[in-house]
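**Q** What follows is the file protein-v4.cif, containing mmCIF, C-alpha atoms:
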```cif
data_start
loop_
_atom_site.label_atom_id
_atom_site.label_comp_id
_atom_site.auth_asym_id
_atom_site.auth_seq_id
_atom_site.Cartn_x
_atom_site.Cartn_y
_atom_site.Cartn_z
CA ALA A 548 -2.33 26.16 15.62
CA PRO A 549 -3.93 24.14 12.79
CA GLU A 550 -0.69 24.40 10.77
CA LEU A 551 1.02 22.12 13.30
CA TRP A 552 -1.49 19.38 12.55
CA ARG A 553 -1.19 19.27 8.77
CA LYS A 554 0.60 15.92 9.10
CA VAL A 555 -0.66 13.18 11.42
CA ASP A 556 1.37 9.96 11.74
CA MET A 557 -0.03 7.42 14.21
CA GLY A 558 0.61 3.80 15.10
CA ARG A 559 4.29 3.55 14.19
CA GLY A 560 6.08 5.57 16.86
CA PRO A 561 7.32 4.22 20.22
CA ARG A 562 4.59 5.99 22.21
CA ASP A 563 1.88 4.64 19.93
CA LYS A 564 3.27 1.12 20.25
CA GLU A 565 3.33 1.55 24.02
CA VAL A 566 -0.37 2.40 23.97
CA LEU A 567 -1.11 -0.61 21.80
CA GLU A 568 0.80 -2.87 24.16
CA LYS A 569 -0.72 -1.51 27.37
CA LYS A 570 -4.30 -1.55 26.12
CA GLY A 571 -4.42 -5.11 24.90
CA GLY A 572 -2.13 -5.33 21.90
CA ILE A 573 -2.72 -4.79 18.22
CA ASP A 574 -6.30 -5.52 17.32
CA SER A 575 -7.43 -8.59 15.40
CA ASP A 576 -8.97 -8.49 11.93
CA ASP A 577 -12.54 -8.72 13.20
CA PRO A 578 -14.16 -5.36 12.32
CA ASN A 579 -16.87 -5.91 14.92
CA HIS A 580 -14.50 -6.20 17.87
CA LEU A 581 -12.04 -3.36 18.35
CA SER A 582 -9.49 -3.88 21.07
CA LYS A 583 -9.07 -1.23 23.74
CA SER A 584 -5.83 -0.17 22.08
CA ALA A 585 -7.59 0.50 18.79
CA GLN A 586 -10.34 2.45 20.53
CA VAL A 587 -7.78 4.66 22.24
CA MET A 588 -5.91 5.30 18.99
CA CYS A 589 -9.14 6.07 17.14
CA ALA A 590 -10.10 8.65 19.76
CA MET A 591 -6.65 10.23 19.50
CA ALA A 592 -6.92 10.33 15.70
CA LYS A 593 -10.22 12.19 15.87
CA VAL A 594 -8.71 14.78 18.19
CA ALA A 595 -5.79 15.27 15.81
CA VAL A 596 -8.14 15.71 12.84
CA ASP A 597 -10.20 18.25 14.80
CA ARG A 598 -7.07 20.22 15.71
CA SER A 599 -6.08 20.42 12.04
CA ASP A 600 -9.23 22.48 11.47
CA GLY A 601 -9.69 21.31 7.89
CA LYS A 602 -6.02 21.74 6.94
CA LEU A 603 -4.90 18.13 7.26
CA GLU A 604 -2.70 17.21 4.29
CA VAL A 605 -1.03 13.94 5.36
CA PHE A 606 -2.48 11.06 7.37
CA VAL A 607 -0.50 7.91 8.15
CA GLY A 608 -2.15 5.24 10.26
CA ALA A 609 -0.88 1.79 11.25
CA ASN A 610 -2.80 -1.14 12.76
CA PHE A 611 -5.78 0.70 14.25
CA VAL A 612 -7.58 2.65 11.48
CA THR A 613 -11.23 1.79 10.76
CA ASP A 614 -13.82 2.81 8.19
CA GLU A 615 -15.27 5.17 10.79
CA ILE A 616 -11.95 7.01 11.05
CA LEU A 617 -11.69 7.30 7.26
CA ASN A 618 -15.21 8.72 7.18
CA TYR A 619 -14.26 11.18 9.92
CA ILE A 620 -11.15 12.30 8.04
CA GLY A 621 -12.96 12.59 4.71
CA ALA A 622 -15.71 14.75 6.16
CA ARG A 623 -13.23 17.19 7.72
CA SER A 624 -10.14 17.19 5.48
CA PRO A 625 -10.81 18.57 1.99
CA SER A 626 -7.10 19.39 1.58
CA LEU A 627 -5.83 15.83 2.20
CA LYS A 628 -3.02 15.00 -0.23
CA LYS A 629 -1.44 11.85 1.20
CA LEU A 630 -3.01 8.79 2.82
CA ALA A 631 -1.02 5.78 4.05
CA LEU A 632 -2.74 2.84 5.73
CA LEU A 633 -0.44 0.13 7.07
CA SER A 634 -1.79 -3.23 8.28
CA CYS A 635 -5.22 -1.73 8.88
CA TYR A 636 -7.35 -4.88 8.88
CA HIS A 637 -10.51 -3.01 9.89
CA VAL A 638 -10.49 -0.89 6.72
CA THR A 639 -12.73 -2.05 3.86
CA SER A 640 -13.28 -0.96 0.28
CA GLU A 641 -16.35 0.97 1.40
CA GLY A 642 -14.33 2.98 3.89
CA LEU A 643 -11.64 3.90 1.38
CA TYR A 644 -14.27 4.73 -1.24
CA ASP A 645 -16.00 7.07 1.20
CA LEU A 646 -12.76 8.96 1.84
CA VAL A 647 -11.44 9.30 -1.72
CA THR A 648 -14.74 10.66 -3.01
CA LYS A 649 -14.47 13.49 -0.47
CA CYS A 650 -10.77 14.24 -0.98
CA PRO A 651 -10.18 14.96 -4.68
CA GLN A 652 -6.78 16.57 -3.99
CA LEU A 653 -5.22 13.24 -2.99
CA GLU A 654 -1.88 12.69 -4.73
CA ASP A 655 -0.40 9.79 -2.76
CA ILE A 656 -2.15 6.63 -1.53
CA GLU A 657 -0.66 3.54 0.07
CA VAL A 658 -2.75 0.65 1.42
CA SER A 659 -0.13 -1.86 2.53
CA ARG A 660 -1.42 -5.12 4.02
CA CYS A 661 -5.01 -3.89 4.19
CA THR A 662 -6.76 -7.13 3.32
CA GLY A 663 -10.27 -5.65 3.24
CA VAL A 664 -9.53 -3.29 0.33
CA ARG A 665 -10.58 -4.72 -3.04
CA GLY A 666 -10.33 -3.68 -6.66
CA ASP A 667 -13.55 -1.70 -6.61
CA ALA A 668 -11.93 0.77 -4.21
CA ILE A 669 -8.99 1.24 -6.59
CA LEU A 670 -11.45 1.82 -9.43
CA ALA A 671 -13.28 4.43 -7.35
CA THR A 672 -9.95 6.07 -6.52
CA GLY A 673 -9.09 6.36 -10.21
CA ARG A 674 -12.39 8.08 -10.87
CA ALA A 675 -12.29 10.41 -7.86
CA CYS A 676 -8.60 11.38 -7.70
CA PRO A 677 -7.34 12.48 -11.13
CA ARG A 678 -4.28 14.13 -9.55
CA LEU A 679 -2.93 10.94 -8.01
CA LYS A 680 0.83 10.66 -8.52
CA ARG A 681 1.79 7.73 -6.25
CA LEU A 682 -0.08 4.48 -5.64
CA VAL A 683 0.96 1.43 -3.60
CA PRO A 684 -1.87 -1.13 -3.43
CA ASP A 685 0.29 -3.63 -1.57
CA LYS A 686 -0.61 -7.32 -1.77
CA THR A 687 -0.78 -10.03 0.85
CA LEU A 688 -1.53 -13.73 0.69
CA ARG A 689 -5.07 -12.96 1.80
CA ARG A 690 -5.76 -10.26 -0.78
CA ARG A 691 -6.29 -11.57 -4.29
CA TRP A 692 -5.71 -9.65 -7.51
CA ASP A 693 -8.83 -7.96 -8.82
CA ARG A 694 -9.14 -7.05 -12.51
CA LYS A 695 -10.92 -3.83 -11.52
CA GLU A 696 -7.58 -2.56 -10.28
CA VAL A 697 -6.26 -2.37 -13.84
CA ALA A 698 -9.30 -0.32 -14.86
CA GLY A 699 -8.84 2.00 -11.88
CA ILE A 700 -5.11 2.48 -12.34
CA SER A 701 -5.62 3.16 -16.04
CA LEU A 702 -7.64 6.25 -15.06
CA MET A 703 -4.69 7.70 -13.13
CA HIS A 704 -3.02 9.44 -16.05
CA GLU A 705 -0.67 11.52 -13.86
CA LEU A 706 0.84 8.61 -11.93
CA ARG A 707 4.61 8.86 -11.38
CA TYR A 708 5.12 6.02 -8.91
CA LEU A 709 3.34 2.66 -9.01
CA SER A 710 4.09 -0.50 -7.06
CA LEU A 711 2.20 -3.65 -8.01
CA ALA A 712 4.49 -6.04 -6.14
CA ARG A 713 3.13 -9.52 -5.36
CA SER A 714 0.09 -9.06 -7.59
CA GLU A 715 -1.26 -11.40 -10.28
CA ILE A 716 -1.13 -8.81 -13.05
CA THR A 717 -0.31 -10.14 -16.53
CA ASN A 718 1.87 -8.73 -19.31
CA GLU A 719 -1.17 -7.59 -21.25
CA GLU A 720 -2.64 -5.78 -18.27
CA LEU A 721 0.68 -4.17 -17.37
CA MET A 722 1.13 -2.89 -20.92
CA ALA A 723 -2.35 -1.35 -20.75
CA VAL A 724 -1.41 0.42 -17.52
CA VAL A 725 1.83 1.77 -19.01
CA ASP A 726 -0.07 3.07 -22.05
CA ALA A 727 -2.60 4.82 -19.80
CA CYS A 728 0.03 6.32 -17.46
CA PRO A 729 2.61 8.04 -19.69
CA CYS A 730 4.19 9.94 -16.77
CA LEU A 731 5.36 6.83 -14.90
CA GLU A 732 8.89 7.17 -13.52
CA TYR A 733 8.91 4.22 -11.12
CA LEU A 734 7.19 0.87 -11.70
CA SER A 735 7.61 -2.27 -9.61
CA VAL A 736 6.19 -5.69 -10.45
CA VAL A 737 8.50 -7.63 -8.13
CA ASP A 738 7.21 -11.11 -7.24
CA CYS A 739 4.54 -10.91 -9.97
CA TYR A 740 4.91 -14.39 -11.35
CA ASN A 741 2.46 -13.90 -14.21
CA ILE A 742 4.85 -11.34 -15.68
CA VAL A 743 7.28 -12.47 -18.37
CA ALA A 744 10.06 -9.93 -18.78
CA ASP A 745 10.35 -10.36 -22.53
CA GLY A 746 11.53 -7.90 -25.14
CA ALA A 747 8.04 -6.60 -25.88
CA LEU A 748 7.41 -5.72 -22.23
CA ARG A 749 10.80 -4.07 -21.81
CA ALA A 750 10.23 -2.02 -24.96
CA LYS A 751 6.81 -0.91 -23.71
CA CYS A 752 8.36 0.20 -20.41
CA ALA A 753 11.35 1.91 -22.02
CA THR A 754 10.28 5.37 -20.84
CA VAL A 755 10.02 4.29 -17.19
CA LYS A 756 13.16 5.53 -15.40
CA MET A 757 13.18 2.87 -12.67
CA LEU A 758 11.68 -0.49 -13.59
CA GLU A 759 11.70 -3.40 -11.15
CA LEU A 760 10.84 -6.73 -12.81
CA PRO A 761 10.33 -10.16 -11.21
CA THR A 762 13.43 -12.14 -10.36
CA PRO A 763 13.73 -15.25 -12.57
CA VAL A 764 12.67 -18.42 -10.78
CA TRP A 765 16.08 -20.05 -11.16
CA MET A 766 17.77 -17.03 -9.59
CA SER A 767 15.27 -17.03 -6.70
CA SER A 768 16.21 -20.64 -6.04
CA MET A 769 19.87 -19.67 -5.88
CA VAL A 770 19.07 -16.91 -3.37
CA VAL A 771 17.11 -19.34 -1.20
CA ARG A 772 19.90 -21.93 -1.31
CA SER A 773 22.62 -19.40 -0.51
CA SER A 774 20.62 -18.18 2.48
CA TRP A 775 20.85 -21.54 4.25
CA MET A 776 24.16 -22.87 2.90
CA SER A 777 27.09 -21.56 4.93
CA ASP A 778 30.65 -21.17 3.71
CA ASP A 779 31.48 -24.35 5.63
CA TYR A 780 29.09 -26.24 3.37
CA TYR A 781 31.13 -25.40 0.30
CA ASP A 782 34.41 -26.09 2.09
CA SER A 783 33.25 -29.45 3.42
CA ASP A 784 33.98 -32.77 1.72
CA GLU A 785 30.81 -34.31 3.15
CA HIS A 786 28.38 -32.88 0.62
CA PRO A 787 27.93 -34.55 -2.76
CA SER A 788 29.96 -33.17 -5.67
#
```
Would you encode the structure as structure tokens?
**A**
Amino acid sequence: APELWRKVDMGRGPRDKEVLEKKGGIDSDDPNHLSKSAQVMCAMAKVAVDRSDGKLEVFVGANFVTDEILNYIGARSPSLKKLALLSCYHVTSEGLYDLVTKCPQLEDIEVSRCTGVRGDAILATGRACPRLKRLVPDKTLRRRWDRKEVAGISLMHELRYLSLARSEITNEELMAVVDACPCLEYLSVVDCYNIVADGALRAKCATVKMLELPTPVWMSSMVVRSSWMSDDYYDSDEHPS
């Protein structure tokens, strides 16, 4: 029955990991060379989408998803409400753009560790998905901050949950986002070292129920030190006073 296939979660379970391991391991980040494991998972994903018969509401994919799969989902899933892509190195901005323009009912998008997704895709998402309530454009060392992301997020007036952790967003840009998204209940800018948690920023974010600000540099240093200093270190007479 199509109702049984409204939610598809692939790539994270033990059976999925077994397939990935048996068929050559998790694929590399070369979009032109899919490993056998990725090919198998892509074929399985298409079957799952077909079985949903247009009623797919949630799709979660880890490690194997490609632009082709996003195109396949977008063309057959007008009711899609949640999309989560985790470590999908084959996905590009073009692939995400193609999907969001076909799925205007999307309310929840996460693109964690998807290095091929740039700010233009977030801008397109803001324009195509006015109902979006949750956004996690997760950052990695290989994915730089794009100013278009601020413009895109500022179009998402119904956002409730926004994580901008590890991004290069500034105070000015963050204030613009908060002004444009009055419904925000959760906002994270952890590890955003361009953010200065001053009084003006805190006042601007006063209506946000859960606000996660960057840890001060001096406190981060204490955490790092405490992680490698054992109790014996503090009890020993050998270290300098």
**Q** Let me make sure I understand: among A:Cys635, A:Ile716, A:Cys728, A:Met557, which one has the smallest atom-to-atom distance to A:Leu679 if we use all atoms listed in the file?
**A**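 Of the candidates, the smallest distance to A:Leu679 is held by A:Cys728.
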**Q** Could you tell me which of A:Lys554, A:Arg665, A:His704, A:Lys649 comes closest to A:Asp685 if we count all atoms listed in the file?
**A**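 Checking each of A:Lys554, A:Arg665, A:His704, A:Lys649 against A:Asp685, counting all atoms listed in the file, the winner is A:Arg665.
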**Q** Could you list, as a list in words, every residue within 8 Å of A:Gly642, counting only C-alpha atoms and ignoring same-chain residues fewer than 6 positions away?
**A**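 Non-adjacent residues within range: Thr613, Asp614, Glu615, Leu617 and Asn618 of chain A.
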**Q** Hey, can you check how far atom CA of A:Ile700 sits from atom CA of A:Arg553?
**A**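 Answer for the atom CA of A:Ile700 to atom CA of A:Arg553 separation: 27.3 Å.
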**Q** Which distance in Å separates atom CA of A:Gly746 and atom CA of A:Tyr733, to one decimal?
**A** 18.7 Å
**Q** When the PyMOL selection byres ((chain A and resi 719) around 12) is applied to the file above, which residues end up in the set, as a list in words?
**A**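 When the PyMOL selection byres ((chain A and resi 719) around 12) is applied to the shown file, the picked residues are Arg694, Val697, Glu715, Ile716, Thr717, Asn718, Glu720, Leu721, Met722, Ala723, Val724, Val725, Asp726, Asn741, Ile742, Val743, Ala744, Asp745, Ala747, Leu748 and Lys751 of chain A.
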**Q** Using only C-alpha atoms for the distances, tell me which of A:Thr662, A:Ser599, A:Ser626, A:Ser714 is nearest to A:Glu696.
**A**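 Smallest separation from A:Glu696 among the options: A:Ser714.
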**Q** If the PyMOL selection byres ((chain A and resi 555) around 9) is run on the structure shown, which residues does it catch, given as a short mmCIF file (atom, residue, chain, number, x, y, z; two decimals) with C-alpha atoms, in the frame of the given file?
**A**
```
data_model
loop_
_atom_site.label_atom_id
_atom_site.label_comp_id
_atom_site.auth_asym_id
_atom_site.auth_seq_id
_atom_site.Cartn_x
_atom_site.Cartn_y
_atom_site.Cartn_z
CA TRP A 552 -1.49 19.38 12.55
CA ARG A 553 -1.19 19.27 8.77
CA LYS A 554 0.60 15.92 9.10
CA ASP A 556 1.37 9.96 11.74
CA MET A 557 -0.03 7.42 14.21
CA ALA A 592 -6.92 10.33 15.70
CA ALA A 595 -5.79 15.27 15.81
CA VAL A 596 -8.14 15.71 12.84
CA LEU A 603 -4.90 18.13 7.26
CA GLU A 604 -2.70 17.21 4.29
CA VAL A 605 -1.03 13.94 5.36
CA PHE A 606 -2.48 11.06 7.37
CA VAL A 607 -0.50 7.91 8.15
CA GLY A 608 -2.15 5.24 10.26
#
```
**Q** Could you please determine the separation between atom CA of A:Glu657 and atom CA of A:Val683 in Å, to one decimal place?
**A** 4.5 Å
**Q** Quick one: which residues end up in the PyMOL selection byres ((chain A and resi 671-673) around 6) for this structure, as a ChimeraX atom specification?
**A** /A:647,668-670,674-676,699-700,702-703
**Q** Could you save the residues just selected, with C-alpha atoms, as a CSV table (one decimal), in the frame of the given file?
**A**
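Output (result_30.csv):
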```csv
chain,number,residue,atom,x,y,z
A,647,VAL,CA,-11.4,9.3,-1.7
A,668,ALA,CA,-11.9,0.8,-4.2
A,669,ILE,CA,-9.0,1.2,-6.6
A,670,LEU,CA,-11.4,1.8,-9.4
A,674,ARG,CA,-12.4,8.1,-10.9
A,675,ALA,CA,-12.3,10.4,-7.9
A,676,CYS,CA,-8.6,11.4,-7.7
A,699,GLY,CA,-8.8,2.0,-11.9
A,700,ILE,CA,-5.1,2.5,-12.3
A,702,LEU,CA,-7.6,6.2,-15.1
A,703,MET,CA,-4.7,7.7,-13.1
```
**Q** For a quick check of understanding, using all atoms listed in the file, which of A:Gly558, A:Asn610, A:Lys602, A:Leu760 has the smallest distance to A:Val638?
**A**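 Ranking A:Gly558, A:Asn610, A:Lys602, A:Leu760 by distance to A:Val638, first place goes to A:Asn610.
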**Q** Which residue, A:Asp597, A:Glu654, A:Asp738, A:Glu641, has the smallest gap to A:Ile620 when you use only C-alpha atoms?
**A** A:Asp597
**Q** Can you pull stretch 747-761 of chain A out of that block with all heavy atoms and hand it back as a tab-separated table (two decimals), in the first residue's frame?
**A**
```tsv
chain	number	residue	atom	x	y	z
A	747	ALA	N	23.35	44.11	21.75
A	747	ALA	CA	22.47	44.42	20.63
A	747	ALA	C	21.95	43.13	19.98
A	747	ALA	O	20.77	43.02	19.64
A	747	ALA	CB	23.22	45.27	19.60
A	748	LEU	N	22.85	42.15	19.82
A	748	LEU	CA	22.43	40.89	19.20
A	748	LEU	C	21.47	40.13	20.11
A	748	LEU	O	20.46	39.60	19.65
A	748	LEU	CB	23.66	40.03	18.89
A	748	LEU	CG	23.36	38.69	18.22
A	748	LEU	CD1	22.73	38.90	16.86
A	748	LEU	CD2	24.63	37.85	18.09
A	749	ARG	N	21.77	40.09	21.40
A	749	ARG	CA	20.89	39.39	22.33
A	749	ARG	C	19.52	40.04	22.38
A	749	ARG	O	18.49	39.36	22.48
A	749	ARG	CB	21.52	39.37	23.72
A	749	ARG	CG	22.78	38.51	23.80
A	749	ARG	CD	23.41	38.56	25.18
A	749	ARG	NE	24.63	37.80	25.27
A	749	ARG	CZ	24.71	36.49	25.50
A	749	ARG	NH1	23.59	35.81	25.70
A	749	ARG	NH2	25.87	35.87	25.56
A	750	ALA	N	19.48	41.37	22.31
A	750	ALA	CA	18.19	42.07	22.32
A	750	ALA	C	17.40	41.75	21.06
A	750	ALA	O	16.18	41.55	21.11
A	750	ALA	CB	18.43	43.57	22.43
A	751	LYS	N	18.10	41.69	19.92
A	751	LYS	CA	17.43	41.37	18.65
A	751	LYS	C	16.84	39.97	18.68
A	751	LYS	O	15.77	39.72	18.10
A	751	LYS	CB	18.42	41.50	17.50
A	751	LYS	CG	17.88	41.12	16.14
A	751	LYS	CD	16.79	42.06	15.67
A	751	LYS	CE	17.36	43.43	15.33
A	751	LYS	NZ	16.32	44.31	14.72
A	752	CYS	N	17.51	39.05	19.37
A	752	CYS	CA	17.08	37.66	19.42
A	752	CYS	C	16.23	37.35	20.66
A	752	CYS	O	16.03	36.17	20.99
A	752	CYS	CB	18.30	36.73	19.39
A	752	CYS	SG	19.34	36.89	17.92
A	753	ALA	N	15.73	38.35	21.31
A	753	ALA	CA	15.02	38.17	22.57
A	753	ALA	C	13.77	37.30	22.43
A	753	ALA	O	13.37	36.62	23.39
A	753	ALA	CB	14.64	39.53	23.16
A	754	THR	N	13.16	37.29	21.27
A	754	THR	CA	11.93	36.52	21.08
A	754	THR	C	12.20	35.06	20.74
A	754	THR	O	11.27	34.25	20.71
A	754	THR	CB	11.07	37.14	19.97
A	754	THR	OG1	11.82	37.17	18.75
A	754	THR	CG2	10.66	38.55	20.34
A	755	VAL	N	13.45	34.71	20.47
A	755	VAL	CA	13.80	33.33	20.13
A	755	VAL	C	13.86	32.52	21.43
A	755	VAL	O	14.62	32.84	22.34
A	755	VAL	CB	15.17	33.26	19.41
A	755	VAL	CG1	15.52	31.81	19.09
A	755	VAL	CG2	15.13	34.09	18.13
A	756	LYS	N	13.08	31.45	21.51
A	756	LYS	CA	12.97	30.69	22.75
A	756	LYS	C	14.27	29.97	23.10
A	756	LYS	O	14.67	29.91	24.26
A	756	LYS	CB	11.82	29.68	22.64
A	756	LYS	CG	10.45	30.32	22.52
A	756	LYS	CD	9.36	29.27	22.44
A	756	LYS	CE	7.98	29.91	22.31
A	756	LYS	NZ	6.92	28.88	22.18
A	757	MET	N	14.93	29.38	22.11
A	757	MET	CA	16.18	28.67	22.36
A	757	MET	C	17.26	29.23	21.44
A	757	MET	O	17.23	29.01	20.23
A	757	MET	CB	16.02	27.16	22.14
A	757	MET	CG	17.29	26.36	22.46
A	757	MET	SD	17.05	24.57	22.41
A	757	MET	CE	15.97	24.36	23.84
A	758	LEU	N	18.19	29.94	22.02
A	758	LEU	CA	19.26	30.60	21.27
A	758	LEU	C	20.61	30.01	21.67
A	758	LEU	O	20.98	30.03	22.84
A	758	LEU	CB	19.24	32.10	21.55
A	758	LEU	CG	20.33	32.95	20.90
A	758	LEU	CD1	20.21	32.92	19.38
A	758	LEU	CD2	20.28	34.38	21.42
A	759	GLU	N	21.33	29.48	20.70
A	759	GLU	CA	22.64	28.90	20.94
A	759	GLU	C	23.70	29.79	20.29
A	759	GLU	O	23.80	29.86	19.07
A	759	GLU	CB	22.73	27.48	20.39
A	759	GLU	CG	21.79	26.51	21.09
A	759	GLU	CD	21.96	25.09	20.62
A	759	GLU	OE1	22.65	24.88	19.59
A	759	GLU	OE2	21.42	24.17	21.26
A	760	LEU	N	24.50	30.46	21.12
A	760	LEU	CA	25.51	31.40	20.64
A	760	LEU	C	26.90	30.73	20.68
A	760	LEU	O	27.10	29.73	21.37
A	760	LEU	CB	25.50	32.65	21.51
A	760	LEU	CG	24.23	33.49	21.42
A	760	LEU	CD1	24.24	34.59	22.48
A	760	LEU	CD2	24.07	34.10	20.03
A	761	PRO	N	27.87	31.31	19.99
A	761	PRO	CA	29.22	30.74	20.01
A	761	PRO	C	29.81	30.75	21.42
A	761	PRO	O	29.57	31.66	22.20
A	761	PRO	CB	30.01	31.66	19.07
A	761	PRO	CG	28.99	32.32	18.22
A	761	PRO	CD	27.76	32.46	19.08
```
